[in-house]
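Trainee: Have a look at the structure that comes next, please.
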Amino acid sequence: MTSLVIQTAFLGDVVLTTPLLDALATRHGPVDIVTTPGAAALVETHPAVRRVIPYDKRGADRGLAGLIRLVRTLRAGRYDVAYLPHRSLRSAALAWLAGIPQRVGFQDGWRSLYTEGRGRARQGHEIDRLLALGGGSAPHHARPSLHLTVADRAATEQFLQAHGVQEPFVALAPGSIWGSKRWPYYRELAQRLAQHVAIVTVGGPEDAALGEQVVQGVEGGGAAWRAANACGRLSLRQSAELIRRAAVLVTNDSAPLHLAQAVDTPTVAIFGSTVPAFGFGPRGPRDVVVELVGLSCRPCSAHGPPVCPLGHHRCMRDIDVERVLAAIAATGALKST
Ligand code: SF4
């Protein structure tokens, strides 16, 4: 049986789909996956994946011509079954137009284009919901997985050496696509932490300026330890390796949180406009969630709006540095902060 997974959502969603890839591969052999060019590198080394088919839906493959090109590619693949974790019309239409005889999606997706609609639990973790799509039972507390290469490890080591960063270090991921999900005090946190431990900021090219602000705050504060900005300077897998080597990651509700789950690094996850109950929180034994429980406007949207609709952004601004330092201490990952 040849299986295809179409997952063109955000990077974090692709990471959370890896347990489903593993489950399908165990049953039927490695699967093919359609994903975004950005996420392709995350899964191209995964042993559950036979082939990655990049789909640049907002760039080179935008519009009808790109859709038709991909449909032709998928038809040539002669897949028996397609799994559609992303509840988008485009994903459903792709599988249908490609003539894949068995198309499995969630009931609250595009049911008329699927041959099987599976229930999507309102509660529970997204990993378990995705595993349910595959039809198998979810192992207890399944975690995502990534496969990092020797070259990924070497590039990260080279970065750390070039910036004079020695372990232990704390990784900080100050960015998020959604502005309301960004905790505003990473710079102050880094200044405090750098009295005890090295700091590395991690994120994509879009986070480079934010990462630089954090590092400059450390450098200007006469800290005892080094700080380096890796935002936009490492590939995704190299960033995952960086997080793997960190003693602890402090992050917003964004992709680095899921990378840390895959490489088993203790995580302090700061939630603002979204809540862990949506199913995207950390689930490691040493992970700690920081959030303002009881704020009546939380959560205010599924993804988190670009800016606070009420203007005050209290869900994040009212979480002070002391609380995050206490959460880092609670992970047990550092001797003292
Ligand atoms: S409305 Fe509330 S939950 Fe939403 S961003 Fe503003 S403070 Fe945060």
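Ligands are numbered from 1 in the order shown, chains are lettered A, B, ... in the order of the structure tokens, and residues start at 1 in each chain.
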Which residues are near ligand 1 - at most 9 Å, using only C-alpha atoms and all ligand atoms? Format: as JSON, numbers by chain.
Mentor: {"A": [179, 180, 181, 272, 273, 274, 295, 296, 297, 298, 299, 300, 301, 304, 305, 306, 307, 308, 309, 310, 311, 312, 313, 314, 315, 316, 317]}
Trainee: Neighbours of Val43 in chain A within 9 Å (only C-alpha atoms; same-chain residues fewer than 3 positions away dropped), as a PyMOL selection string?
Mentor: chain A and resi 14-15+18+33+39-40+46-49+52+146-147
Trainee: Could you give me, as a PyMOL selection string, each residue of range 113-329 of chain A that DSSP assigns to helix (DSSP H, G or I) when run on this structure's backbone?
Mentor: chain A and resi 113+126-133+150-162+179-181+186-193+205-220+236-245+255-263+276-278+314-317+321-329
Trainee: Write the selection just made, keeping C-alpha atoms, as a compact mmCIF listing (two decimals), in the first residue's frame?
Mentor:
# COMPACT_ATOMS: atom_id res chain seq x y z
CA LEU A 113 -14.10 15.32 -0.85
CA GLU A 126 -2.78 17.60 18.58
CA ILE A 127 -0.36 14.67 18.25
CA ASP A 128 -3.06 12.30 19.49
CA ARG A 129 -5.66 13.84 17.18
CA LEU A 130 -3.34 13.34 14.22
CA LEU A 131 -2.59 9.76 15.25
CA ALA A 132 -6.34 9.13 15.39
CA LEU A 133 -6.55 10.26 11.76
CA VAL A 150 26.20 14.54 11.05
CA ALA A 151 26.43 17.67 8.90
CA ASP A 152 23.67 19.37 10.92
CA ARG A 153 25.54 18.64 14.14
CA ALA A 154 28.84 19.84 12.69
CA ALA A 155 27.34 23.12 11.44
CA THR A 156 25.81 23.85 14.83
CA GLU A 157 29.04 23.03 16.60
CA GLN A 158 30.86 25.37 14.25
CA PHE A 159 28.38 28.16 15.01
CA LEU A 160 28.79 27.73 18.77
CA GLN A 161 32.57 27.65 18.52
CA ALA A 162 32.67 30.70 16.24
CA GLY A 179 2.54 39.34 17.48
CA SER A 180 0.18 38.70 20.37
CA LYS A 181 2.05 35.46 21.13
CA TYR A 186 13.28 38.19 26.52
CA ARG A 187 15.97 40.89 26.61
CA GLU A 188 15.58 41.39 30.35
CA LEU A 189 15.44 37.63 30.91
CA ALA A 190 18.66 37.17 28.93
CA GLN A 191 20.40 39.86 31.00
CA ARG A 192 19.51 38.02 34.19
CA LEU A 193 20.39 34.57 32.88
CA PRO A 205 15.43 35.03 9.44
CA GLU A 206 12.27 36.98 10.34
CA ASP A 207 13.36 36.85 14.00
CA ALA A 208 16.92 38.07 13.39
CA ALA A 209 16.33 41.66 14.56
CA LEU A 210 14.53 40.48 17.69
CA GLY A 211 17.33 38.04 18.45
CA GLU A 212 19.91 40.76 17.98
CA GLN A 213 18.12 43.03 20.47
CA VAL A 214 18.27 40.27 23.06
CA VAL A 215 21.97 39.65 22.46
CA GLN A 216 22.82 43.34 22.53
CA GLY A 217 21.05 43.61 25.86
CA VAL A 218 23.39 40.96 27.26
CA GLU A 219 26.51 42.48 25.70
CA GLY A 220 25.64 45.95 26.99
CA LEU A 236 15.83 24.35 10.62
CA ARG A 237 17.56 21.06 11.43
CA GLN A 238 20.64 22.90 12.66
CA SER A 239 18.35 24.99 14.87
CA ALA A 240 16.83 21.77 16.20
CA GLU A 241 20.37 20.57 16.97
CA LEU A 242 21.08 23.86 18.75
CA ILE A 243 17.95 23.38 20.87
CA ARG A 244 18.98 19.76 21.53
CA ARG A 245 22.26 20.96 23.00
CA ALA A 255 7.61 26.28 16.13
CA PRO A 256 10.72 26.06 18.41
CA LEU A 257 8.47 24.64 21.14
CA HIS A 258 7.74 21.66 18.90
CA LEU A 259 11.37 21.30 17.81
CA ALA A 260 12.31 21.05 21.49
CA GLN A 261 9.72 18.30 21.97
CA ALA A 262 11.33 16.37 19.13
CA VAL A 263 14.85 16.62 20.57
CA PRO A 276 -2.19 24.82 25.97
CA ALA A 277 -5.71 23.34 26.00
CA PHE A 278 -5.81 23.94 22.23
CA ARG A 314 -1.92 41.85 29.51
CA CYS A 315 -1.78 38.12 28.76
CA MET A 316 1.92 38.58 28.10
CA ARG A 317 2.87 41.88 29.70
CA VAL A 321 10.84 37.89 34.37
CA GLU A 322 10.77 36.46 37.89
CA ARG A 323 8.01 34.05 36.93
CA VAL A 324 9.94 32.80 33.93
CA LEU A 325 13.13 32.43 35.99
CA ALA A 326 11.15 30.38 38.50
CA ALA A 327 9.83 28.21 35.67
CA ILE A 328 13.36 27.63 34.39
CA ALA A 329 14.38 26.59 37.89
Trainee: Using DSSP on the backbone, list every residue of range 126-267 of chain A that comes out as strand (DSSP E or B), and give them as a VMD selection string.
Mentor: chain A and resid 169 to 173 198 to 201 227 to 229 248 to 252 267
Trainee: Taking into account only C-alpha atoms, which residue in the set A:Ala302, A:Leu21, A:Ala246, A:Met1 is nearest to Pro101 in chain A?
Mentor: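 Ranked by minimum distance to Pro101 in chain A, first place goes to A:Met1.
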Trainee: Hey, can you check how far CA of Gly63 in chain A sits from CA of Ala98 in chain A?
Mentor: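 Computing the Euclidean distance for CA of Gly63 in chain A and CA of Ala98 in chain A yields 16.4 Å.
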Trainee: For Arg182 in chain A, list every protein, DNA or RNA residue within 9 Å, evaluated using only C-alpha atoms, and leave out those in the same chain fewer than 2 positions away; present the list as a list of chain:residue names.
Mentor: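 The neighbour list is A:Pro174, A:Gly175, A:Ser176, A:Ile177, A:Trp178, A:Gly179, A:Ser180, A:Pro184, A:Thr251, A:Asn252, A:Asp253, A:Ile270, A:Phe271, A:Gly272, A:Met316.
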Trainee: Excluding Leu70 in chain A and its own-chain neighbours fewer than 2 positions away, which residues fall within 12 Å of it when counting only C-alpha atoms? Please give them as a ChimeraX atom specification.
Mentor: /A:6,34-35,53-57,60-68,72-77,90-91,93-95,97-98
Trainee: Tell me, as a VMD selection string, which residues lie within 6 Å of Arg50 in chain A, counting only C-alpha atoms; anything in the same chain fewer than 5 positions away does not count.
Mentor: chain A and resid 30 to 32
Trainee: Can you work out which one of A:Ala333, A:Ala198, A:Thr149, A:Gly134 has the shortest atom-to-atom distance to Arg27 in chain A, counting only C-alpha atoms?
Mentor: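 Using only C-alpha atoms, the shortest distance to Arg27 in chain A belongs to A:Gly134.
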